[in-house]
Amino acid sequence: MIEELLKIKEELLGDIKKLTNLKELNEVRIKAFGKAGAISNLSKGMRDVAPEDRPKFGALINIARSEIERELELKNKEFEEAELNKRLQEEKVDITEPSKACEIGALHPISDVIDRLTDICVDMGFSVVEGPEIESDYYNFEAMNIPKNHPSRDMQDTFFITDEILLRSQTSAVQAREMEKRKPPFKIVCPGKTYRNDSDATHSPIFNQLEGLVVDENISMADLKSMLTILMKRLYGEDTKIRFRPSFFPFTEPSIEVDVSCPNCHGKGCNICKGSGMLELLGAGVVNPKVLEMSGIDSKKYRGFAFGFGLDRTAMILNSIGNIRSLYRNDKRFLEQMR
Ligand code: PHE
């Protein structure tokens, strides 16, 4: 029996020496200590040993068991360390390696112009408000002193949804909504999309306007002119020249149109200003007292001025864009140039 025990022990220790991985190690562990393992079988064989030899035999089994366990443990450690080193090698991060280039986006030219203009206006104390793009005939036209069937409606070729509902043709619709809600004095600007049945290189059926409105006591044309002069100089540069021309809008009286010297050629004449040196930029005027009254504002006490910008034109001038369609095509190659 003792010989057999020593033989089994040597065999197992020999197996352990030859181990190359954790899987094999577990197999040897089972071969030795599993239910039907060699060491377990030896313990079971104890009853065949003469009673006086049992203590000695038992002690030898214990020695063999702990020796094998120790060797297995050493191998186990060895394998675990090797595994860890392998992972550390494989998962090494080279922090000096250059990173992948990521694409940086840019603001759409219209968003950029809205940001620039509203920033300037907010500096001057204006609040920014928005209104619905699907609008009622009342707010878009009637409250702006443009009655049904009046010829002045022809100025804006409008998309009607029903007789009373339309796609707003001007952000002026927001003026009426805000005048109903607010108590003077107030100063608001409203940027947003507008729609007209118009389409060529400089007109698109969808376009953007920014409307401004100031209502207070003692407002005059002088306030409007000085405010627009500051606005234009801050947008296009201090050396910009401004020209005011008489015009007509049903909701302002008197009405003006405002031109600025071309920021590209500074008034000399180029293809952007079509040789004239000046660019037509916006409509404006002193709010017609009738419009104030319709929205519940006392026109004896208060007066107002309003102005309306075409944002597409402004974006085209600032970025030298030739065709308004570029703004709405969503062509990535065009948008990438805005970075
Ligand atoms: N709403 C006018 C337009 O779209 C512009 C404008 C606004 C004119 C405010 C005067 C005052 O043509």
# chains A, B, ... in the order shown; residues from 1 in each chain; ligands from 1
call {"tool": "residues_around", "arguments": {"residues": "Pro289 of chain A", "least_positions_apart": "6", "cutoff": "9 Å", "atoms": "only C-alpha atoms", "output": "PyMOL selection string"}}
result
chain A and resi 251-253+297-300+302-304
call {"tool": "write_last_selection", "arguments": {"atoms": "N, CA and C atoms", "output": "compact mmCIF listing (two decimals), in the first residue's frame"}}
result
# COMPACT_ATOMS: atom_id res chain seq x y z
N PHE A 251 -49.07 99.10 -42.27
CA PHE A 251 -49.05 99.11 -40.80
C PHE A 251 -48.13 100.17 -40.21
N THR A 252 -47.42 100.92 -41.08
CA THR A 252 -46.57 102.01 -40.56
C THR A 252 -46.87 103.29 -41.32
N GLU A 253 -46.75 104.42 -40.62
CA GLU A 253 -47.01 105.72 -41.24
C GLU A 253 -46.26 106.80 -40.46
N ILE A 297 -54.05 99.29 -27.63
CA ILE A 297 -53.08 100.24 -27.05
C ILE A 297 -53.55 101.67 -27.35
N ASP A 298 -53.56 102.50 -26.33
CA ASP A 298 -54.04 103.88 -26.46
C ASP A 298 -53.07 104.69 -27.33
N SER A 299 -53.53 105.02 -28.55
CA SER A 299 -52.61 105.66 -29.50
C SER A 299 -52.43 107.14 -29.21
N LYS A 300 -53.27 107.71 -28.25
CA LYS A 300 -53.06 109.10 -27.87
C LYS A 300 -51.86 109.19 -26.93
N TYR A 302 -49.49 106.42 -26.47
CA TYR A 302 -48.30 105.67 -26.90
C TYR A 302 -48.10 105.73 -28.40
N ARG A 303 -46.81 105.63 -28.79
CA ARG A 303 -46.48 105.46 -30.20
C ARG A 303 -45.45 104.36 -30.32
N GLY A 304 -45.22 103.93 -31.55
CA GLY A 304 -44.24 102.85 -31.68
C GLY A 304 -43.50 102.94 -32.99
call {"tool": "residues_near_ligand", "arguments": {"ligand": "ligand 1", "cutoff": "7 Å", "atoms": "only C-alpha atoms and all ligand atoms", "output": "PyMOL selection string"}}
result
chain A and resi 169-172+211-212+249+251-252+255+282-285+306-309
call {"tool": "write_last_selection", "arguments": {"atoms": "all heavy atoms", "output": "short mmCIF file (atom, residue, chain, number, x, y, z; two decimals), in the first residue's frame"}}
result
data_model
loop_
_atom_site.label_atom_id
_atom_site.label_comp_id
_atom_site.auth_asym_id
_atom_site.auth_seq_id
_atom_site.Cartn_x
_atom_site.Cartn_y
_atom_site.Cartn_z
N SER A 169 -46.93 85.30 -43.81
CA SER A 169 -46.14 85.89 -44.89
C SER A 169 -45.19 86.95 -44.35
O SER A 169 -44.36 87.47 -45.06
CB SER A 169 -47.07 86.51 -45.93
OG SER A 169 -47.82 87.54 -45.32
N GLN A 170 -45.33 87.26 -43.06
CA GLN A 170 -44.44 88.25 -42.44
C GLN A 170 -44.44 88.04 -40.92
O GLN A 170 -45.45 87.65 -40.34
CB GLN A 170 -44.92 89.67 -42.76
CG GLN A 170 -46.40 89.90 -42.50
CD GLN A 170 -46.86 91.31 -42.87
OE1 GLN A 170 -46.06 92.15 -43.24
NE2 GLN A 170 -48.16 91.56 -42.74
N THR A 171 -43.30 88.28 -40.31
CA THR A 171 -43.24 88.15 -38.85
C THR A 171 -43.99 89.29 -38.16
O THR A 171 -44.16 89.28 -36.95
CB THR A 171 -41.77 88.08 -38.35
OG1 THR A 171 -41.00 89.04 -39.07
CG2 THR A 171 -41.18 86.70 -38.54
N SER A 172 -44.48 90.25 -38.95
CA SER A 172 -45.30 91.33 -38.37
C SER A 172 -46.50 90.77 -37.61
O SER A 172 -47.03 91.42 -36.70
CB SER A 172 -45.80 92.27 -39.46
OG SER A 172 -44.72 92.79 -40.20
N GLU A 211 -38.37 90.67 -37.03
CA GLU A 211 -39.23 91.84 -36.84
C GLU A 211 -38.87 92.50 -35.51
O GLU A 211 -38.61 91.81 -34.53
CB GLU A 211 -40.68 91.35 -36.77
CG GLU A 211 -41.69 92.44 -36.72
CD GLU A 211 -42.20 92.78 -38.11
OE1 GLU A 211 -41.80 92.12 -39.09
OE2 GLU A 211 -42.99 93.71 -38.22
N GLY A 212 -38.81 93.83 -35.50
CA GLY A 212 -38.58 94.53 -34.24
C GLY A 212 -39.73 95.48 -33.97
O GLY A 212 -40.32 96.03 -34.91
N PHE A 249 -45.99 100.97 -46.21
CA PHE A 249 -46.50 99.73 -45.62
C PHE A 249 -47.80 100.09 -44.94
O PHE A 249 -47.91 101.16 -44.33
CB PHE A 249 -45.52 99.14 -44.58
CG PHE A 249 -44.19 98.77 -45.16
CD1 PHE A 249 -43.07 99.58 -44.95
CD2 PHE A 249 -44.03 97.61 -45.92
CE1 PHE A 249 -41.84 99.25 -45.49
CE2 PHE A 249 -42.80 97.27 -46.46
CZ PHE A 249 -41.70 98.09 -46.25
N PHE A 251 -49.07 99.10 -42.27
CA PHE A 251 -49.05 99.11 -40.80
C PHE A 251 -48.13 100.17 -40.21
O PHE A 251 -48.04 100.31 -39.00
CB PHE A 251 -48.66 97.73 -40.26
CG PHE A 251 -47.72 96.97 -41.16
CD1 PHE A 251 -46.35 97.13 -41.06
CD2 PHE A 251 -48.24 96.14 -42.14
CE1 PHE A 251 -45.50 96.43 -41.90
CE2 PHE A 251 -47.38 95.45 -43.00
CZ PHE A 251 -46.02 95.59 -42.89
N THR A 252 -47.42 100.92 -41.08
CA THR A 252 -46.57 102.01 -40.56
C THR A 252 -46.87 103.29 -41.32
O THR A 252 -47.19 103.29 -42.50
CB THR A 252 -45.07 101.66 -40.69
OG1 THR A 252 -44.82 101.16 -42.00
CG2 THR A 252 -44.63 100.63 -39.67
N SER A 255 -43.60 105.41 -43.57
CA SER A 255 -42.83 104.17 -43.76
C SER A 255 -41.53 104.50 -44.49
O SER A 255 -41.48 105.44 -45.29
CB SER A 255 -43.63 103.19 -44.62
OG SER A 255 -44.88 102.92 -44.04
N LEU A 282 -34.07 96.55 -45.41
CA LEU A 282 -35.25 96.32 -44.58
C LEU A 282 -36.30 97.41 -44.73
O LEU A 282 -36.03 98.49 -45.25
CB LEU A 282 -34.87 96.17 -43.10
CG LEU A 282 -34.33 97.36 -42.34
CD1 LEU A 282 -34.79 97.31 -40.91
CD2 LEU A 282 -32.83 97.34 -42.39
N GLY A 283 -37.50 97.03 -44.30
CA GLY A 283 -38.60 97.98 -44.24
C GLY A 283 -38.82 98.37 -42.80
O GLY A 283 -38.55 97.60 -41.89
N ALA A 284 -39.31 99.61 -42.59
CA ALA A 284 -39.51 100.07 -41.21
C ALA A 284 -40.48 101.25 -41.22
O ALA A 284 -40.92 101.71 -42.27
CB ALA A 284 -38.18 100.49 -40.60
N GLY A 285 -40.81 101.73 -40.06
CA GLY A 285 -41.67 102.90 -39.99
C GLY A 285 -42.23 103.12 -38.60
O GLY A 285 -42.00 102.32 -37.68
N ALA A 306 -41.45 100.15 -35.87
CA ALA A 306 -41.24 98.74 -36.20
C ALA A 306 -40.29 98.64 -37.37
O ALA A 306 -40.16 99.56 -38.17
CB ALA A 306 -42.57 98.08 -36.55
N PHE A 307 -39.60 97.52 -37.43
CA PHE A 307 -38.72 97.26 -38.58
C PHE A 307 -38.73 95.77 -38.89
O PHE A 307 -38.96 94.94 -38.01
CB PHE A 307 -37.29 97.75 -38.34
CG PHE A 307 -36.65 97.20 -37.09
CD1 PHE A 307 -35.88 96.04 -37.14
CD2 PHE A 307 -36.80 97.84 -35.86
CE1 PHE A 307 -35.28 95.53 -35.99
CE2 PHE A 307 -36.21 97.33 -34.71
CZ PHE A 307 -35.45 96.17 -34.77
N GLY A 308 -38.55 95.43 -40.17
CA GLY A 308 -38.55 94.02 -40.57
C GLY A 308 -37.39 93.73 -41.51
O GLY A 308 -37.24 94.35 -42.55
N PHE A 309 -36.56 92.80 -41.10
CA PHE A 309 -35.35 92.41 -41.82
C PHE A 309 -35.58 91.17 -42.65
O PHE A 309 -36.20 90.23 -42.17
CB PHE A 309 -34.33 91.91 -40.79
CG PHE A 309 -33.25 92.84 -40.45
CD1 PHE A 309 -33.41 93.72 -39.39
CD2 PHE A 309 -32.08 92.81 -41.14
CE1 PHE A 309 -32.39 94.55 -39.03
CE2 PHE A 309 -31.06 93.65 -40.79
CZ PHE A 309 -31.21 94.52 -39.74
#
call {"tool": "select_by_dssp", "arguments": {"residues": "segment 171-231 of chain A", "states": "alpha helix (DSSP H)", "output": "number ranges by chain"}}
result
A: 172-181, 221-231
call {"tool": "residues_around", "arguments": {"residues": "Asn21 of chain A", "least_positions_apart": "3", "cutoff": "7 Å", "atoms": "only C-alpha atoms", "output": "mmCIF file with N, CA, C and O atoms, in the first residue's frame"}}
result
data_model
loop_
_atom_site.group_PDB
_atom_site.id
_atom_site.type_symbol
_atom_site.label_atom_id
_atom_site.label_comp_id
_atom_site.auth_asym_id
_atom_site.auth_seq_id
_atom_site.Cartn_x
_atom_site.Cartn_y
_atom_site.Cartn_z
ATOM 1 N N GLU A 24 -5.660 22.318 -17.716
ATOM 2 C CA GLU A 24 -4.972 21.063 -17.368
ATOM 3 C C GLU A 24 -4.813 20.948 -15.852
ATOM 4 O O GLU A 24 -4.941 19.875 -15.281
ATOM 5 N N LEU A 25 -4.557 22.084 -15.211
ATOM 6 C CA LEU A 25 -4.375 22.087 -13.758
ATOM 7 C C LEU A 25 -5.636 21.581 -13.053
ATOM 8 O O LEU A 25 -5.575 20.756 -12.135
ATOM 9 N N PHE A 79 0.321 30.462 -13.412
ATOM 10 C CA PHE A 79 -0.580 30.671 -14.559
ATOM 11 C C PHE A 79 -1.336 31.999 -14.453
ATOM 12 O O PHE A 79 -1.510 32.713 -15.434
#
call {"tool": "select_by_dssp", "arguments": {"residues": "segment 70-179 of chain A", "states": "strand (DSSP E)", "output": "number ranges by chain"}}
result
A: 127-128, 134-136, 165-167
call {"tool": "write_last_selection", "arguments": {"atoms": "N, CA and C atoms", "output": "mmCIF file, in the first residue's frame"}}
result
data_model
loop_
_atom_site.group_PDB
_atom_site.id
_atom_site.type_symbol
_atom_site.label_atom_id
_atom_site.label_comp_id
_atom_site.auth_asym_id
_atom_site.auth_seq_id
_atom_site.Cartn_x
_atom_site.Cartn_y
_atom_site.Cartn_z
ATOM 1 N N SER A 127 -36.463 92.151 -25.861
ATOM 2 C CA SER A 127 -36.711 90.746 -25.531
ATOM 3 C C SER A 127 -36.940 89.995 -26.836
ATOM 4 N N VAL A 128 -36.534 88.730 -26.882
ATOM 5 C CA VAL A 128 -36.728 87.912 -28.086
ATOM 6 C C VAL A 128 -37.997 87.074 -27.907
ATOM 7 N N ILE A 134 -47.962 78.853 -38.665
ATOM 8 C CA ILE A 134 -49.314 78.731 -39.223
ATOM 9 C C ILE A 134 -50.148 79.759 -38.467
ATOM 10 N N GLU A 135 -50.655 80.747 -39.194
ATOM 11 C CA GLU A 135 -51.184 81.946 -38.546
ATOM 12 C C GLU A 135 -52.613 82.202 -39.039
ATOM 13 N N SER A 136 -53.324 83.023 -38.300
ATOM 14 C CA SER A 136 -54.669 83.376 -38.765
ATOM 15 C C SER A 136 -54.584 84.602 -39.685
ATOM 16 N N ILE A 165 -56.961 80.673 -42.414
ATOM 17 C CA ILE A 165 -55.662 80.175 -41.904
ATOM 18 C C ILE A 165 -54.638 80.191 -43.032
ATOM 19 N N LEU A 166 -53.419 80.622 -42.710
ATOM 20 C CA LEU A 166 -52.391 80.738 -43.745
ATOM 21 C C LEU A 166 -51.008 80.472 -43.169
ATOM 22 N N LEU A 167 -50.002 80.316 -44.056
ATOM 23 C CA LEU A 167 -48.606 80.291 -43.604
ATOM 24 C C LEU A 167 -48.193 81.753 -43.504
#
call {"tool": "residues_around", "arguments": {"residues": "Glu73 of chain A", "least_positions_apart": "6", "cutoff": "12 Å", "atoms": "only C-alpha atoms", "output": "list of chain:residue names"}}
result
A:Ile16, A:Leu22, A:Leu25, A:Asn26, A:Val28, A:Arg29, A:Ser66, A:Glu67, A:Phe79, A:Glu80
call {"tool": "write_last_selection", "arguments": {"atoms": "N, CA and C atoms", "output": "short mmCIF file (atom, residue, chain, number, x, y, z; two decimals), in the first residue's frame"}}
result
data_model
loop_
_atom_site.label_atom_id
_atom_site.label_comp_id
_atom_site.auth_asym_id
_atom_site.auth_seq_id
_atom_site.Cartn_x
_atom_site.Cartn_y
_atom_site.Cartn_z
N ILE A 16 2.02 17.41 -12.53
CA ILE A 16 1.96 18.85 -12.21
C ILE A 16 3.11 19.61 -12.88
N LEU A 22 -4.32 26.50 -17.03
CA LEU A 22 -5.27 26.34 -15.92
C LEU A 22 -6.22 25.18 -16.13
N LEU A 25 -4.56 22.08 -15.21
CA LEU A 25 -4.38 22.09 -13.76
C LEU A 25 -5.64 21.58 -13.05
N ASN A 26 -6.78 22.01 -13.54
CA ASN A 26 -8.03 21.56 -12.93
C ASN A 26 -8.24 20.07 -13.13
N VAL A 28 -5.88 17.80 -13.33
CA VAL A 28 -5.02 17.08 -12.38
C VAL A 28 -5.62 17.14 -10.97
N ARG A 29 -6.18 18.32 -10.66
CA ARG A 29 -6.80 18.47 -9.34
C ARG A 29 -7.92 17.42 -9.15
N SER A 66 -0.82 17.30 1.12
CA SER A 66 -0.41 18.70 1.23
C SER A 66 0.69 19.03 0.22
N GLU A 67 1.55 18.05 -0.07
CA GLU A 67 2.60 18.31 -1.06
C GLU A 67 1.98 18.61 -2.43
N PHE A 79 0.32 30.46 -13.41
CA PHE A 79 -0.58 30.67 -14.56
C PHE A 79 -1.34 32.00 -14.45
N GLU A 80 -1.79 32.30 -13.23
CA GLU A 80 -2.54 33.56 -13.07
C GLU A 80 -1.68 34.77 -13.39
#
call {"tool": "closest_residue", "arguments": {"among": "A:Gly131, A:Gly45, A:Pro151, A:Gly192", "to": "Gln175 of chain A", "atoms": "only C-alpha atoms"}}
result
A:Gly131
call {"tool": "residues_around", "arguments": {"residues": "Ser226 of chain A", "least_positions_apart": "3", "cutoff": "12 Å", "atoms": "only C-alpha atoms", "output": "list in words"}}
result
Met124, Ile219, Ser220, Met221, Ala222, Asp223, Thr229, Ile230, Leu231, Met232, Lys233, Ile242, Arg243, Phe244 and Phe305 of chain A
call {"tool": "atom_distance", "arguments": {"atom1": "atom CA of Lys75 of chain A", "atom2": "atom CA of Lys23 of chain A"}}
result
11.6 Å
call {"tool": "closest_residue", "arguments": {"among": "A:Ser261, A:Asn140, A:Asn41, A:Ser111", "to": "Arg177 of chain A", "atoms": "only C-alpha atoms"}}
result
A:Asn140
call {"tool": "atom_distance", "arguments": {"atom1": "atom CA of Phe248 of chain A", "atom2": "atom CA of Pro185 of chain A"}}
result
25.4 Å
call {"tool": "closest_residue", "arguments": {"among": "A:Ser295, A:Ser276, A:Asn76, A:Gln209", "to": "Lys183 of chain A", "atoms": "only C-alpha atoms"}}
result
A:Ser295
call {"tool": "closest_atom_pairs", "arguments": {"of": "segment 87-163 of chain A", "to": "segment 321-332 of chain A", "cutoff": "10 Å", "atoms": "only C-alpha atoms", "output": "Markdown table"}}
result
| residue | atom | partner | partner_atom | distance |
| --- | --- | --- | --- | --- |
| A:His108 | CA | A:Leu327 | CA | 8.1 |
| A:Pro109 | CA | A:Leu327 | CA | 7.4 |
| A:Ile110 | CA | A:Leu327 | CA | 7.7 |
call {"tool": "residues_around", "arguments": {"residues": "Ile104 of chain A", "least_positions_apart": "2", "cutoff": "8 Å", "atoms": "only C-alpha atoms", "output": "PDB file with N, CA, C and O atoms, in the first residue's frame"}}
result
ATOM      1  N   CYS A 102     -11.987  64.458 -35.455  1.00  0.00           N
ATOM      2  CA  CYS A 102     -13.440  64.445 -35.445  1.00  0.00           C
ATOM      3  C   CYS A 102     -13.950  65.710 -36.140  1.00  0.00           C
ATOM      4  O   CYS A 102     -13.309  66.759 -36.082  1.00  0.00           O
ATOM      5  N   ALA A 106     -20.824  73.580 -37.819  1.00  0.00           N
ATOM      6  CA  ALA A 106     -20.868  75.039 -37.819  1.00  0.00           C
ATOM      7  C   ALA A 106     -22.325  75.467 -37.747  1.00  0.00           C
ATOM      8  O   ALA A 106     -23.208  74.700 -38.099  1.00  0.00           O
ATOM      9  N   ARG A 339     -17.723  76.842 -41.549  1.00  0.00           N
ATOM     10  CA  ARG A 339     -16.924  76.683 -40.333  1.00  0.00           C
ATOM     11  C   ARG A 339     -16.056  77.878 -40.051  1.00  0.00           C
ATOM     12  O   ARG A 339     -15.456  78.429 -40.955  1.00  0.00           O
TER      13      ARG A 339
END
